[in-house]
Amino acid sequence: MPKNAIAQIEAHGEELAELAWENERLGKLSARTAEIVRDAGLMRLLQPKEYGGLGATPGEFAEAVMKLASHDGSAGWVAGVVGVHPWQVGLLAPKVGEEIWGQDPDTWIASPYTPSGIAEPVDGGYRLSGRWQFSSGTDHSRWLFLGALVGDGEGKPKMPAKMLHVMLPRSDYQIIDDSWNVIGLLGTGSKDIVVDGAFIPSHRVIEYDDVVSGTAAERHGRPDAIYKLPFSVIFPVGITSAVIGMAEGALAAHGAYQRDRVSAAGQALRDDPYSAYFTGEAAAEIQAARLQLLDGINWATRQVNAGNEISFADRSRIRRNQVRCAWRATAALDTVYARSGGNASRRTNPIQRFWRDAHVGLNHFIHIPGSVYHANALTYYGVEVPEPLRVGI
C-alpha cells in the first residue's frame, strides 16, 4: 500500500506539475491538487491503523514526499508537514483520533508548533489565545496542532516556561486569508491563525517534553514502536524530504532543457564538458542528500523496532545530517539554476520555481544549522550540552 502512494503520485506527475502554477496563483493548493494527494493516501501513510492508516515506515513516507515535491514543491511541502501530524495523534488519547477521523479518515491536520499563544489552565483543560504564523496547508485542514505556553493567570507565560502542543477543530480558530505574501512556497497557503479564548479539553493537550521523549503513546495503550521515535527525529523528515524533492525536480527540468539547448556560440550544451561536469556533480550531491536523510530515519526506526533507546548524541547526529541534507540539496539546485541560462529565470520555467521554493524552505527552524552543529560538536568533545542548545534536538 505505501508503494501505491508513490506510484499514484507519479501517475499524476504531469498534472501535478501543471497545477503547480495554479497553486502559486491561488496562494494555496488547488482543490484538484489536494484531491490527488488525498486519493494517493499520502496523508494516511503515518496515520494510526485503526483510523485508516496505511502502515508505512517514516522512510517510505519521506520517499513519497520527495516524489510529490519533485513535481510541485508547495504540494510536497504541505504533505511533508501535514503528513507527519497523524503520527503525533498516536501519542494522544484514543478518543482524539476518533474525534478527528471517526467520520472521515482523510481529514487533514495543520499546525504550527511555535508557542505563539498562551494556554491558561481552567477546569477540564485550558483557554487558548494567540496568533500563529506559517500554517501550511491550513485551507484543506479541519484540525490544528498549535504550540502554546502555560499561562500564569494574567495572560503571560508561567515561569519556568512549560510548552504544550494542543489540538483544535476548525470551528475554534480563524484563518487570516491575506497573510501569505511570499516569494517561494506560494502554493503552501501557510497563513496566519488566530485563536481567541478557545477551550481545549485536557485529552487534546500534550506536554512538549512528552512529545520529545518518545514515551507518551505507551501511556495510552499504543505500544507500536513507531511512536517511540523522538519528535525531533521524525518531524523534520517530511520538510527536508520536500526540499530534496524540489532539487530532484529542478535537476530533471534542467536535464530536459539542456538536451536540446544551444549556446550563443552555436554549441549544443549537451556536448559542453564543463556544463556536463556540473550537472553530474549536482546530481551526485542531490542523491547524497536523499540517501543520508533516509539513512538517518531508517536507522532510528530500526532502533525503536529492536527495543533500543535513541540517545541525545544519536538525535544530535541525525539532526545534524538532516540539516546538512537540506543545505546540500539546495546548493546543488543553485548549481543547476546557474547553469540553465537566462531562460531559467522566466516565470514560466519550473527551475526558478523550485529554486525559490527550496530557498524559502531553508528558512524553516529545522534547517537552521548553528545550534544543531554546535550541540553535535559538543557530543564529540565529550562535553555536556547546555539546555539552550538542546532545543529542537
# chains A, B, ... in the order shown; residues from 1 in each chain; ligands from 1

$ residues_around --residues "Thr138 (chain A)" --least-positions-apart "3" --cutoff "12 Å" --atoms "only C-alpha atoms" --output "number ranges by chain"
A: 27-29, 34, 78-79, 81-82, 107-112, 132-135, 141-145, 169-170, 173-177, 180, 187-193

$ closest_atom_pairs --of "region 187-288 of chain A" --to "region 322-340 of chain A" --cutoff "12 Å" --atoms "only C-alpha atoms" --output "Markdown table"
| residue | atom | partner | partner_atom | distance |
| --- | --- | --- | --- | --- |
| A:Ser232 | CA | A:Gln322 | CA | 10.5 |
| A:Val233 | CA | A:Gln322 | CA | 8.9 |
| A:Ile234 | CA | A:Gln322 | CA | 10.4 |
| A:Phe235 | CA | A:Gln322 | CA | 10.9 |
| A:Pro236 | CA | A:Gln322 | CA | 7.5 |
| A:Val237 | CA | A:Gln322 | CA | 7.4 |
| A:Gly238 | CA | A:Gln322 | CA | 10.5 |
| A:Ile239 | CA | A:Ala326 | CA | 9.0 |
| A:Thr240 | CA | A:Ala326 | CA | 5.7 |
| A:Ser241 | CA | A:Ala326 | CA | 8.1 |
| A:Ala242 | CA | A:Ala326 | CA | 9.1 |
| A:Val243 | CA | A:Ala326 | CA | 6.2 |
| A:Ile244 | CA | A:Ala329 | CA | 5.7 |
| A:Gly245 | CA | A:Ala329 | CA | 8.9 |
| A:Met246 | CA | A:Leu333 | CA | 8.3 |
| A:Ala247 | CA | A:Leu333 | CA | 5.3 |
| A:Glu248 | CA | A:Leu333 | CA | 8.3 |
| A:Gly249 | CA | A:Leu333 | CA | 9.4 |
| A:Ala250 | CA | A:Leu333 | CA | 6.7 |
| A:Leu251 | CA | A:Val336 | CA | 6.5 |
| A:Ala252 | CA | A:Val336 | CA | 9.9 |
| A:Ala253 | CA | A:Ser340 | CA | 9.5 |
| A:His254 | CA | A:Ser340 | CA | 6.4 |
| A:Gly255 | CA | A:Ser340 | CA | 9.2 |
| A:Ala256 | CA | A:Ser340 | CA | 10.5 |
| A:Tyr257 | CA | A:Ser340 | CA | 7.7 |
| A:Gln258 | CA | A:Ser340 | CA | 7.3 |
| A:Arg259 | CA | A:Ser340 | CA | 11.1 |
| A:Asp260 | CA | A:Ser340 | CA | 11.8 |
| A:Arg261 | CA | A:Ser340 | CA | 9.2 |
| A:Val262 | CA | A:Ser340 | CA | 11.1 |
| A:Ser263 | CA | A:Ser340 | CA | 10.6 |
| A:Leu269 | CA | A:Ser340 | CA | 9.8 |
| A:Arg270 | CA | A:Ser340 | CA | 11.7 |
| A:Asp272 | CA | A:Arg339 | CA | 11.4 |
| A:Tyr274 | CA | A:Arg339 | CA | 9.9 |
| A:Ser275 | CA | A:Arg339 | CA | 6.9 |
| A:Ala276 | CA | A:Arg339 | CA | 9.7 |
| A:Tyr277 | CA | A:Thr335 | CA | 10.8 |
| A:Phe278 | CA | A:Thr335 | CA | 7.0 |
| A:Thr279 | CA | A:Val336 | CA | 6.6 |
| A:Gly280 | CA | A:Val336 | CA | 9.8 |
| A:Glu281 | CA | A:Ala332 | CA | 7.8 |
| A:Ala282 | CA | A:Ala332 | CA | 4.6 |
| A:Ala283 | CA | A:Ala332 | CA | 7.5 |
| A:Ala284 | CA | A:Ala332 | CA | 8.7 |
| A:Glu285 | CA | A:Ala332 | CA | 6.2 |
| A:Ile286 | CA | A:Ala329 | CA | 4.9 |
| A:Gln287 | CA | A:Ala329 | CA | 8.3 |
| A:Ala288 | CA | A:Cys325 | CA | 7.8 |

$ write_last_selection --atoms "N, CA and C atoms" --output "compact mmCIF listing (two decimals), in the first residue's frame"
# COMPACT_ATOMS: atom_id res chain seq x y z
N SER A 232 11.87 15.10 17.44
CA SER A 232 12.93 15.82 16.74
C SER A 232 13.58 14.97 15.65
N VAL A 233 13.32 13.68 15.65
CA VAL A 233 13.86 12.80 14.62
C VAL A 233 12.86 12.66 13.47
N ILE A 234 11.58 12.50 13.79
CA ILE A 234 10.60 12.21 12.74
C ILE A 234 10.01 13.47 12.11
N PHE A 235 9.76 14.54 12.89
CA PHE A 235 9.09 15.71 12.32
C PHE A 235 9.90 16.37 11.19
N PRO A 236 11.22 16.56 11.35
CA PRO A 236 11.97 17.24 10.29
C PRO A 236 12.03 16.47 8.98
N VAL A 237 11.79 15.16 9.02
CA VAL A 237 11.98 14.33 7.82
C VAL A 237 11.10 14.78 6.66
N GLY A 238 9.84 15.07 6.94
CA GLY A 238 8.93 15.45 5.87
C GLY A 238 9.33 16.74 5.20
N ILE A 239 9.76 17.73 5.99
CA ILE A 239 10.11 19.03 5.44
C ILE A 239 11.39 18.95 4.62
N THR A 240 12.40 18.27 5.16
CA THR A 240 13.66 18.14 4.42
C THR A 240 13.46 17.28 3.18
N SER A 241 12.60 16.28 3.24
CA SER A 241 12.29 15.47 2.06
C SER A 241 11.72 16.35 0.96
N ALA A 242 10.89 17.31 1.33
CA ALA A 242 10.31 18.20 0.33
C ALA A 242 11.40 19.02 -0.36
N VAL A 243 12.36 19.52 0.40
CA VAL A 243 13.45 20.31 -0.19
C VAL A 243 14.28 19.45 -1.15
N ILE A 244 14.57 18.22 -0.74
CA ILE A 244 15.32 17.31 -1.61
C ILE A 244 14.52 17.03 -2.88
N GLY A 245 13.21 16.82 -2.74
CA GLY A 245 12.37 16.59 -3.91
C GLY A 245 12.37 17.77 -4.85
N MET A 246 12.38 18.98 -4.32
CA MET A 246 12.47 20.17 -5.17
C MET A 246 13.76 20.16 -5.99
N ALA A 247 14.86 19.80 -5.34
CA ALA A 247 16.14 19.73 -6.05
C ALA A 247 16.09 18.66 -7.14
N GLU A 248 15.45 17.54 -6.85
CA GLU A 248 15.31 16.49 -7.86
C GLU A 248 14.46 16.96 -9.03
N GLY A 249 13.40 17.71 -8.73
CA GLY A 249 12.56 18.24 -9.79
C GLY A 249 13.30 19.23 -10.67
N ALA A 250 14.10 20.09 -10.04
CA ALA A 250 14.88 21.06 -10.80
C ALA A 250 15.91 20.36 -11.67
N LEU A 251 16.54 19.33 -11.13
CA LEU A 251 17.54 18.58 -11.90
C LEU A 251 16.91 17.94 -13.13
N ALA A 252 15.71 17.37 -12.97
CA ALA A 252 15.02 16.74 -14.10
C ALA A 252 14.66 17.78 -15.16
N ALA A 253 14.18 18.95 -14.71
CA ALA A 253 13.83 20.01 -15.66
C ALA A 253 15.08 20.52 -16.37
N HIS A 254 16.17 20.64 -15.64
CA HIS A 254 17.44 21.08 -16.22
C HIS A 254 17.93 20.10 -17.28
N GLY A 255 17.84 18.80 -16.98
CA GLY A 255 18.29 17.79 -17.93
C GLY A 255 17.48 17.83 -19.22
N ALA A 256 16.17 17.99 -19.09
CA ALA A 256 15.32 18.05 -20.28
C ALA A 256 15.63 19.29 -21.11
N TYR A 257 15.94 20.39 -20.44
CA TYR A 257 16.24 21.64 -21.14
C TYR A 257 17.62 21.57 -21.81
N GLN A 258 18.61 21.05 -21.11
CA GLN A 258 19.98 21.01 -21.65
C GLN A 258 20.09 20.09 -22.87
N ARG A 259 19.23 19.11 -22.93
CA ARG A 259 19.31 18.13 -24.02
C ARG A 259 19.25 18.80 -25.39
N ASP A 260 18.43 19.81 -25.52
CA ASP A 260 18.24 20.45 -26.82
C ASP A 260 18.72 21.90 -26.85
N ARG A 261 19.30 22.37 -25.76
CA ARG A 261 19.71 23.76 -25.69
C ARG A 261 20.98 24.01 -26.51
N VAL A 262 21.03 25.18 -27.14
CA VAL A 262 22.20 25.58 -27.93
C VAL A 262 22.71 26.91 -27.37
N SER A 263 24.02 27.01 -27.17
CA SER A 263 24.61 28.22 -26.62
C SER A 263 24.62 29.35 -27.64
N LEU A 269 24.63 22.33 -25.83
CA LEU A 269 25.07 22.29 -24.44
C LEU A 269 25.32 20.88 -23.94
N ARG A 270 24.64 19.90 -24.53
CA ARG A 270 24.87 18.53 -24.08
C ARG A 270 26.29 18.07 -24.43
N ASP A 272 28.90 20.16 -24.14
CA ASP A 272 29.83 21.01 -23.38
C ASP A 272 30.30 20.26 -22.14
N TYR A 274 32.06 21.16 -19.65
CA TYR A 274 32.02 21.94 -18.40
C TYR A 274 30.60 21.93 -17.82
N SER A 275 29.61 22.16 -18.66
CA SER A 275 28.23 22.10 -18.19
C SER A 275 27.89 20.69 -17.70
N ALA A 276 28.32 19.68 -18.45
CA ALA A 276 28.04 18.30 -18.07
C ALA A 276 28.68 17.96 -16.73
N TYR A 277 29.87 18.48 -16.50
CA TYR A 277 30.56 18.23 -15.22
C TYR A 277 29.70 18.70 -14.05
N PHE A 278 29.21 19.95 -14.16
CA PHE A 278 28.45 20.50 -13.04
C PHE A 278 27.08 19.82 -12.89
N THR A 279 26.50 19.37 -13.98
CA THR A 279 25.25 18.61 -13.88
C THR A 279 25.49 17.31 -13.12
N GLY A 280 26.57 16.63 -13.48
CA GLY A 280 26.89 15.38 -12.79
C GLY A 280 27.19 15.59 -11.32
N GLU A 281 27.93 16.65 -11.02
CA GLU A 281 28.24 16.94 -9.63
C GLU A 281 26.97 17.24 -8.83
N ALA A 282 26.08 18.05 -9.41
CA ALA A 282 24.83 18.38 -8.73
C ALA A 282 23.98 17.13 -8.50
N ALA A 283 23.93 16.26 -9.50
CA ALA A 283 23.15 15.02 -9.35
C ALA A 283 23.69 14.18 -8.21
N ALA A 284 25.02 14.11 -8.09
CA ALA A 284 25.62 13.32 -7.02
C ALA A 284 25.30 13.91 -5.65
N GLU A 285 25.32 15.24 -5.54
CA GLU A 285 25.03 15.89 -4.27
C GLU A 285 23.57 15.69 -3.86
N ILE A 286 22.67 15.78 -4.82
CA ILE A 286 21.25 15.58 -4.51
C ILE A 286 21.00 14.14 -4.09
N GLN A 287 21.63 13.20 -4.78
CA GLN A 287 21.49 11.79 -4.40
C GLN A 287 22.06 11.54 -3.01
N ALA A 288 23.20 12.19 -2.70
CA ALA A 288 23.80 12.03 -1.37
C ALA A 288 22.86 12.55 -0.29

$ select_by_dssp --residues "region 66-283 of chain A" --states "strand (DSSP E or B)" --output "ChimeraX atom specification"
/A:109-110,115-122,125-135,143-151,157,163-169,174-176,191-201,205-207,262,268

$ write_last_selection --atoms "C-alpha atoms" --output "mmCIF file, in the first residue's frame"
data_model
loop_
_atom_site.group_PDB
_atom_site.id
_atom_site.type_symbol
_atom_site.label_atom_id
_atom_site.label_comp_id
_atom_site.auth_asym_id
_atom_site.auth_seq_id
_atom_site.Cartn_x
_atom_site.Cartn_y
_atom_site.Cartn_z
ATOM 1 C CA ILE A 109 -4.363 18.346 10.392
ATOM 2 C CA ALA A 110 -2.294 21.527 10.057
ATOM 3 C CA PRO A 115 4.476 28.598 21.068
ATOM 4 C CA SER A 116 2.817 31.832 19.942
ATOM 5 C CA GLY A 117 -0.166 31.566 22.276
ATOM 6 C CA ILE A 118 -0.959 31.386 25.985
ATOM 7 C CA ALA A 119 -2.922 28.438 27.393
ATOM 8 C CA GLU A 120 -4.497 29.411 30.711
ATOM 9 C CA PRO A 121 -5.408 26.435 32.950
ATOM 10 C CA VAL A 122 -9.140 26.111 33.643
ATOM 11 C CA GLY A 125 -8.362 21.899 30.274
ATOM 12 C CA TYR A 126 -7.123 25.267 29.042
ATOM 13 C CA ARG A 127 -8.298 28.522 27.466
ATOM 14 C CA LEU A 128 -6.126 29.375 24.481
ATOM 15 C CA SER A 129 -5.481 32.732 22.817
ATOM 16 C CA GLY A 130 -2.819 33.910 20.377
ATOM 17 C CA ARG A 131 -1.742 34.357 16.788
ATOM 18 C CA TRP A 132 0.405 31.892 14.878
ATOM 19 C CA GLN A 133 2.220 32.220 11.538
ATOM 20 C CA PHE A 134 3.011 29.626 8.867
ATOM 21 C CA SER A 135 0.073 27.206 8.994
ATOM 22 C CA TRP A 143 -7.918 20.426 12.692
ATOM 23 C CA LEU A 144 -4.777 22.090 14.027
ATOM 24 C CA PHE A 145 -1.838 21.309 16.254
ATOM 25 C CA LEU A 146 -0.617 24.509 17.925
ATOM 26 C CA GLY A 147 2.246 25.250 20.265
ATOM 27 C CA ALA A 148 1.448 27.221 23.413
ATOM 28 C CA LEU A 149 2.938 28.243 26.746
ATOM 29 C CA VAL A 150 1.113 27.598 30.017
ATOM 30 C CA GLY A 151 -0.202 30.895 31.369
ATOM 31 C CA PRO A 157 3.764 32.700 30.411
ATOM 32 C CA MET A 163 5.379 24.313 26.373
ATOM 33 C CA LEU A 164 2.300 22.426 25.230
ATOM 34 C CA HIS A 165 1.024 21.036 21.940
ATOM 35 C CA VAL A 166 -2.749 21.396 21.739
ATOM 36 C CA MET A 167 -5.385 20.394 19.192
ATOM 37 C CA LEU A 168 -8.336 22.443 17.934
ATOM 38 C CA PRO A 169 -11.158 21.775 15.456
ATOM 39 C CA GLN A 174 -9.720 31.844 12.344
ATOM 40 C CA ILE A 175 -7.586 31.670 9.180
ATOM 41 C CA ILE A 176 -6.259 35.087 8.093
ATOM 42 C CA LYS A 191 -1.411 31.540 6.516
ATOM 43 C CA ASP A 192 -1.746 33.034 9.977
ATOM 44 C CA ILE A 193 -4.067 31.524 12.579
ATOM 45 C CA VAL A 194 -5.884 33.430 15.329
ATOM 46 C CA VAL A 195 -7.449 31.846 18.417
ATOM 47 C CA ASP A 196 -9.486 33.908 20.859
ATOM 48 C CA GLY A 197 -10.220 32.125 24.106
ATOM 49 C CA ALA A 198 -10.978 28.657 22.738
ATOM 50 C CA PHE A 199 -11.432 25.885 25.301
ATOM 51 C CA ILE A 200 -9.019 22.958 24.869
ATOM 52 C CA PRO A 201 -10.025 19.840 26.837
ATOM 53 C CA VAL A 205 -3.204 18.534 25.210
ATOM 54 C CA ILE A 206 0.264 17.037 25.442
ATOM 55 C CA GLU A 207 3.367 18.489 27.072
ATOM 56 C CA VAL A 262 22.201 25.583 -27.927
ATOM 57 C CA ALA A 268 24.919 22.071 -28.231
#

$ closest_residue --among "A:Lys156, A:Arg320, A:Arg347, A:Arg353" --to "Ile368 (chain A)" --atoms "only C-alpha atoms"
A:Arg320

$ atom_distance --atom1 "CA of Asp357 (chain A)" --atom2 "CA of Ala69 (chain A)"
10.0 Å

$ closest_atom_pairs --of "region 143-237 of chain A" --to "region 44-54 of chain A" --cutoff "10 Å" --atoms "only C-alpha atoms" --output "tab-separated table"
residue	atom	partner	partner_atom	distance
A:Arg222	CA	A:Pro48	CA	9.6
A:Asp224	CA	A:Pro48	CA	9.6
A:Ile226	CA	A:Leu46	CA	9.1
A:Tyr227	CA	A:Pro48	CA	9.8

$ select_by_dssp --residues "region 159-372 of chain A" --states "helix (DSSP H, G or I)" --output "PDB file with C-alpha atoms, in the first residue's frame"
ATOM      1  CA  ARG A 170     -11.767  24.203  12.607  1.00  0.00           C
ATOM      2  CA  SER A 171     -14.640  25.877  14.460  1.00  0.00           C
ATOM      3  CA  ASP A 172     -12.270  27.160  17.155  1.00  0.00           C
ATOM      4  CA  LEU A 186       3.420  30.288  -2.513  1.00  0.00           C
ATOM      5  CA  GLY A 187       1.172  27.282  -3.046  1.00  0.00           C
ATOM      6  CA  THR A 188       1.510  26.079   0.555  1.00  0.00           C
ATOM      7  CA  SER A 202      -7.189  18.092  28.634  1.00  0.00           C
ATOM      8  CA  HIS A 203      -7.313  14.999  26.421  1.00  0.00           C
ATOM      9  CA  ARG A 204      -6.284  17.171  23.462  1.00  0.00           C
ATOM     10  CA  TYR A 208       6.199  19.157  24.668  1.00  0.00           C
ATOM     11  CA  ASP A 209       8.623  17.194  26.852  1.00  0.00           C
ATOM     12  CA  ASP A 210       6.405  14.125  26.461  1.00  0.00           C
ATOM     13  CA  VAL A 211       6.390  14.555  22.690  1.00  0.00           C
ATOM     14  CA  VAL A 212      10.184  14.732  22.570  1.00  0.00           C
ATOM     15  CA  SER A 213      10.768  11.781  24.891  1.00  0.00           C
ATOM     16  CA  ALA A 217       1.956   6.719  23.386  1.00  0.00           C
ATOM     17  CA  GLU A 218       2.536   3.836  25.804  1.00  0.00           C
ATOM     18  CA  ARG A 219       0.519   5.623  28.480  1.00  0.00           C
ATOM     19  CA  HIS A 220      -2.476   5.378  26.174  1.00  0.00           C
ATOM     20  CA  ALA A 225       7.490   1.088  18.042  1.00  0.00           C
ATOM     21  CA  ILE A 226       6.986   3.955  15.585  1.00  0.00           C
ATOM     22  CA  TYR A 227       5.514   6.101  18.373  1.00  0.00           C
ATOM     23  CA  LYS A 228       8.726   5.768  20.359  1.00  0.00           C
ATOM     24  CA  PHE A 231       9.662  14.111  17.677  1.00  0.00           C
ATOM     25  CA  SER A 232      12.932  15.816  16.739  1.00  0.00           C
ATOM     26  CA  VAL A 233      13.857  12.800  14.617  1.00  0.00           C
ATOM     27  CA  ILE A 234      10.605  12.208  12.744  1.00  0.00           C
ATOM     28  CA  PHE A 235       9.093  15.708  12.315  1.00  0.00           C
ATOM     29  CA  PRO A 236      11.973  17.241  10.291  1.00  0.00           C
ATOM     30  CA  VAL A 237      11.980  14.330   7.820  1.00  0.00           C
ATOM     31  CA  GLY A 238       8.926  15.448   5.865  1.00  0.00           C
ATOM     32  CA  ILE A 239      10.107  19.029   5.442  1.00  0.00           C
ATOM     33  CA  THR A 240      13.655  18.143   4.419  1.00  0.00           C
ATOM     34  CA  SER A 241      12.290  15.474   2.056  1.00  0.00           C
ATOM     35  CA  ALA A 242      10.308  18.204   0.332  1.00  0.00           C
ATOM     36  CA  VAL A 243      13.448  20.308  -0.193  1.00  0.00           C
ATOM     37  CA  ILE A 244      15.322  17.315  -1.611  1.00  0.00           C
ATOM     38  CA  GLY A 245      12.370  16.590  -3.907  1.00  0.00           C
ATOM     39  CA  MET A 246      12.471  20.174  -5.169  1.00  0.00           C
ATOM     40  CA  ALA A 247      16.143  19.726  -6.050  1.00  0.00           C
ATOM     41  CA  GLU A 248      15.313  16.488  -7.859  1.00  0.00           C
ATOM     42  CA  GLY A 249      12.559  18.235  -9.792  1.00  0.00           C
ATOM     43  CA  ALA A 250      14.879  21.064 -10.801  1.00  0.00           C
ATOM     44  CA  LEU A 251      17.539  18.585 -11.901  1.00  0.00           C
ATOM     45  CA  ALA A 252      15.024  16.741 -14.097  1.00  0.00           C
ATOM     46  CA  ALA A 253      13.831  20.006 -15.659  1.00  0.00           C
ATOM     47  CA  HIS A 254      17.441  21.078 -16.216  1.00  0.00           C
ATOM     48  CA  GLY A 255      18.287  17.787 -17.932  1.00  0.00           C
ATOM     49  CA  ALA A 256      15.320  18.054 -20.280  1.00  0.00           C
ATOM     50  CA  TYR A 257      16.244  21.639 -21.138  1.00  0.00           C
ATOM     51  CA  GLN A 258      19.979  21.008 -21.646  1.00  0.00           C
ATOM     52  CA  ARG A 259      19.313  18.133 -24.019  1.00  0.00           C
ATOM     53  CA  ASP A 260      18.239  20.455 -26.824  1.00  0.00           C
ATOM     54  CA  LEU A 269      25.066  22.289 -24.437  1.00  0.00           C
ATOM     55  CA  ARG A 270      24.873  18.533 -24.085  1.00  0.00           C
ATOM     56  CA  ASP A 271      28.314  18.424 -25.731  1.00  0.00           C
ATOM     57  CA  PRO A 273      32.045  19.090 -20.917  1.00  0.00           C
ATOM     58  CA  TYR A 274      32.015  21.935 -18.405  1.00  0.00           C
ATOM     59  CA  SER A 275      28.227  22.095 -18.189  1.00  0.00           C
ATOM     60  CA  ALA A 276      28.044  18.301 -18.067  1.00  0.00           C
ATOM     61  CA  TYR A 277      30.562  18.229 -15.220  1.00  0.00           C
ATOM     62  CA  PHE A 278      28.445  20.499 -13.039  1.00  0.00           C
ATOM     63  CA  THR A 279      25.252  18.611 -13.883  1.00  0.00           C
ATOM     64  CA  GLY A 280      26.892  15.380 -12.794  1.00  0.00           C
ATOM     65  CA  GLU A 281      28.238  16.943  -9.628  1.00  0.00           C
ATOM     66  CA  ALA A 282      24.827  18.379  -8.729  1.00  0.00           C
ATOM     67  CA  ALA A 283      23.148  15.025  -9.355  1.00  0.00           C
ATOM     68  CA  ALA A 284      25.625  13.321  -7.016  1.00  0.00           C
ATOM     69  CA  GLU A 285      25.026  15.886  -4.269  1.00  0.00           C
ATOM     70  CA  ILE A 286      21.246  15.578  -4.511  1.00  0.00           C
ATOM     71  CA  GLN A 287      21.494  11.792  -4.403  1.00  0.00           C
ATOM     72  CA  ALA A 288      23.797  12.031  -1.370  1.00  0.00           C
ATOM     73  CA  ALA A 289      21.251  14.226   0.400  1.00  0.00           C
ATOM     74  CA  ARG A 290      18.463  11.736  -0.334  1.00  0.00           C
ATOM     75  CA  LEU A 291      20.458   8.745   0.887  1.00  0.00           C
ATOM     76  CA  GLN A 292      21.744  10.415   4.038  1.00  0.00           C
ATOM     77  CA  LEU A 293      18.299  11.607   5.088  1.00  0.00           C
ATOM     78  CA  LEU A 294      16.802   8.153   4.563  1.00  0.00           C
ATOM     79  CA  ASP A 295      19.721   6.532   6.354  1.00  0.00           C
ATOM     80  CA  GLY A 296      19.035   8.589   9.477  1.00  0.00           C
ATOM     81  CA  ILE A 297      15.309   7.936   9.764  1.00  0.00           C
ATOM     82  CA  ASN A 298      15.624   4.284   8.755  1.00  0.00           C
ATOM     83  CA  TRP A 299      18.369   3.752  11.358  1.00  0.00           C
ATOM     84  CA  ALA A 300      16.201   5.344  14.055  1.00  0.00           C
ATOM     85  CA  THR A 301      13.230   3.205  13.006  1.00  0.00           C
ATOM     86  CA  ARG A 302      15.323   0.038  13.264  1.00  0.00           C
ATOM     87  CA  GLN A 303      16.481   1.102  16.729  1.00  0.00           C
ATOM     88  CA  VAL A 304      12.988   1.513  18.162  1.00  0.00           C
ATOM     89  CA  ASN A 305      11.801  -1.662  16.421  1.00  0.00           C
ATOM     90  CA  PHE A 312      20.741  12.540  22.716  1.00  0.00           C
ATOM     91  CA  ALA A 313      24.007  12.002  20.840  1.00  0.00           C
ATOM     92  CA  ASP A 314      22.108   9.868  18.302  1.00  0.00           C
ATOM     93  CA  ARG A 315      19.414  12.516  17.915  1.00  0.00           C
ATOM     94  CA  SER A 316      22.072  15.163  17.524  1.00  0.00           C
ATOM     95  CA  ARG A 317      23.794  13.198  14.785  1.00  0.00           C
ATOM     96  CA  ILE A 318      20.539  12.578  12.898  1.00  0.00           C
ATOM     97  CA  ARG A 319      19.538  16.243  13.168  1.00  0.00           C
ATOM     98  CA  ARG A 320      22.988  17.383  12.037  1.00  0.00           C
ATOM     99  CA  ASN A 321      22.772  15.216   8.947  1.00  0.00           C
ATOM    100  CA  GLN A 322      19.150  16.180   8.248  1.00  0.00           C
ATOM    101  CA  VAL A 323      20.048  19.879   8.293  1.00  0.00           C
ATOM    102  CA  ARG A 324      23.066  19.248   6.106  1.00  0.00           C
ATOM    103  CA  CYS A 325      20.920  17.320   3.601  1.00  0.00           C
ATOM    104  CA  ALA A 326      18.684  20.342   3.046  1.00  0.00           C
ATOM    105  CA  TRP A 327      21.621  22.692   2.523  1.00  0.00           C
ATOM    106  CA  ARG A 328      23.489  20.223   0.307  1.00  0.00           C
ATOM    107  CA  ALA A 329      20.464  19.661  -1.928  1.00  0.00           C
ATOM    108  CA  THR A 330      19.791  23.385  -2.206  1.00  0.00           C
ATOM    109  CA  ALA A 331      23.419  24.155  -3.017  1.00  0.00           C
ATOM    110  CA  ALA A 332      23.202  21.588  -5.818  1.00  0.00           C
ATOM    111  CA  LEU A 333      19.988  23.250  -7.005  1.00  0.00           C
ATOM    112  CA  ASP A 334      21.904  26.554  -7.101  1.00  0.00           C
ATOM    113  CA  THR A 335      24.428  24.905  -9.416  1.00  0.00           C
ATOM    114  CA  VAL A 336      21.654  23.645 -11.669  1.00  0.00           C
ATOM    115  CA  TYR A 337      19.935  27.031 -11.767  1.00  0.00           C
ATOM    116  CA  ALA A 338      23.165  28.927 -12.503  1.00  0.00           C
ATOM    117  CA  GLY A 342      18.826  33.173 -18.788  1.00  0.00           C
ATOM    118  CA  ASN A 343      15.636  31.339 -19.640  1.00  0.00           C
ATOM    119  CA  ALA A 344      15.733  29.592 -16.251  1.00  0.00           C
ATOM    120  CA  SER A 345      14.571  32.879 -14.701  1.00  0.00           C
ATOM    121  CA  PRO A 350       9.794  25.390 -13.329  1.00  0.00           C
ATOM    122  CA  ILE A 351      13.515  25.593 -12.477  1.00  0.00           C
ATOM    123  CA  GLN A 352      13.134  29.080 -10.991  1.00  0.00           C
ATOM    124  CA  ARG A 353      10.056  27.962  -9.059  1.00  0.00           C
ATOM    125  CA  PHE A 354      11.925  25.045  -7.498  1.00  0.00           C
ATOM    126  CA  TRP A 355      14.819  27.393  -6.754  1.00  0.00           C
ATOM    127  CA  ARG A 356      12.558  29.891  -4.949  1.00  0.00           C
ATOM    128  CA  ASP A 357      10.707  27.173  -3.071  1.00  0.00           C
ATOM    129  CA  ALA A 358      13.859  25.476  -1.803  1.00  0.00           C
ATOM    130  CA  HIS A 359      15.424  28.705  -0.570  1.00  0.00           C
ATOM    131  CA  VAL A 360      12.286  29.674   1.324  1.00  0.00           C
ATOM    132  CA  GLY A 361      12.227  26.143   2.745  1.00  0.00           C
ATOM    133  CA  PHE A 365      13.544  26.460  12.034  1.00  0.00           C
ATOM    134  CA  ILE A 366      14.522  22.837  11.489  1.00  0.00           C
ATOM    135  CA  HIS A 367      17.020  23.843   8.798  1.00  0.00           C
ATOM    136  CA  GLY A 370      24.146  26.867  14.002  1.00  0.00           C
ATOM    137  CA  SER A 371      22.918  25.416  17.297  1.00  0.00           C
ATOM    138  CA  VAL A 372      22.428  21.927  15.821  1.00  0.00           C
TER     139      VAL A 372
END

$ atom_distance --atom1 "CA of Ala64 (chain A)" --atom2 "CA of His85 (chain A)"
15.6 Å

$ atom_distance --atom1 "CA of Thr348 (chain A)" --atom2 "CA of Asp72 (chain A)"
13.7 Å

$ residues_around --residues "Val65 (chain A)" --least-positions-apart "2" --cutoff "6 Å" --atoms "only C-alpha atoms" --output "ChimeraX atom specification"
/A:62-63,67-68,76,80,242
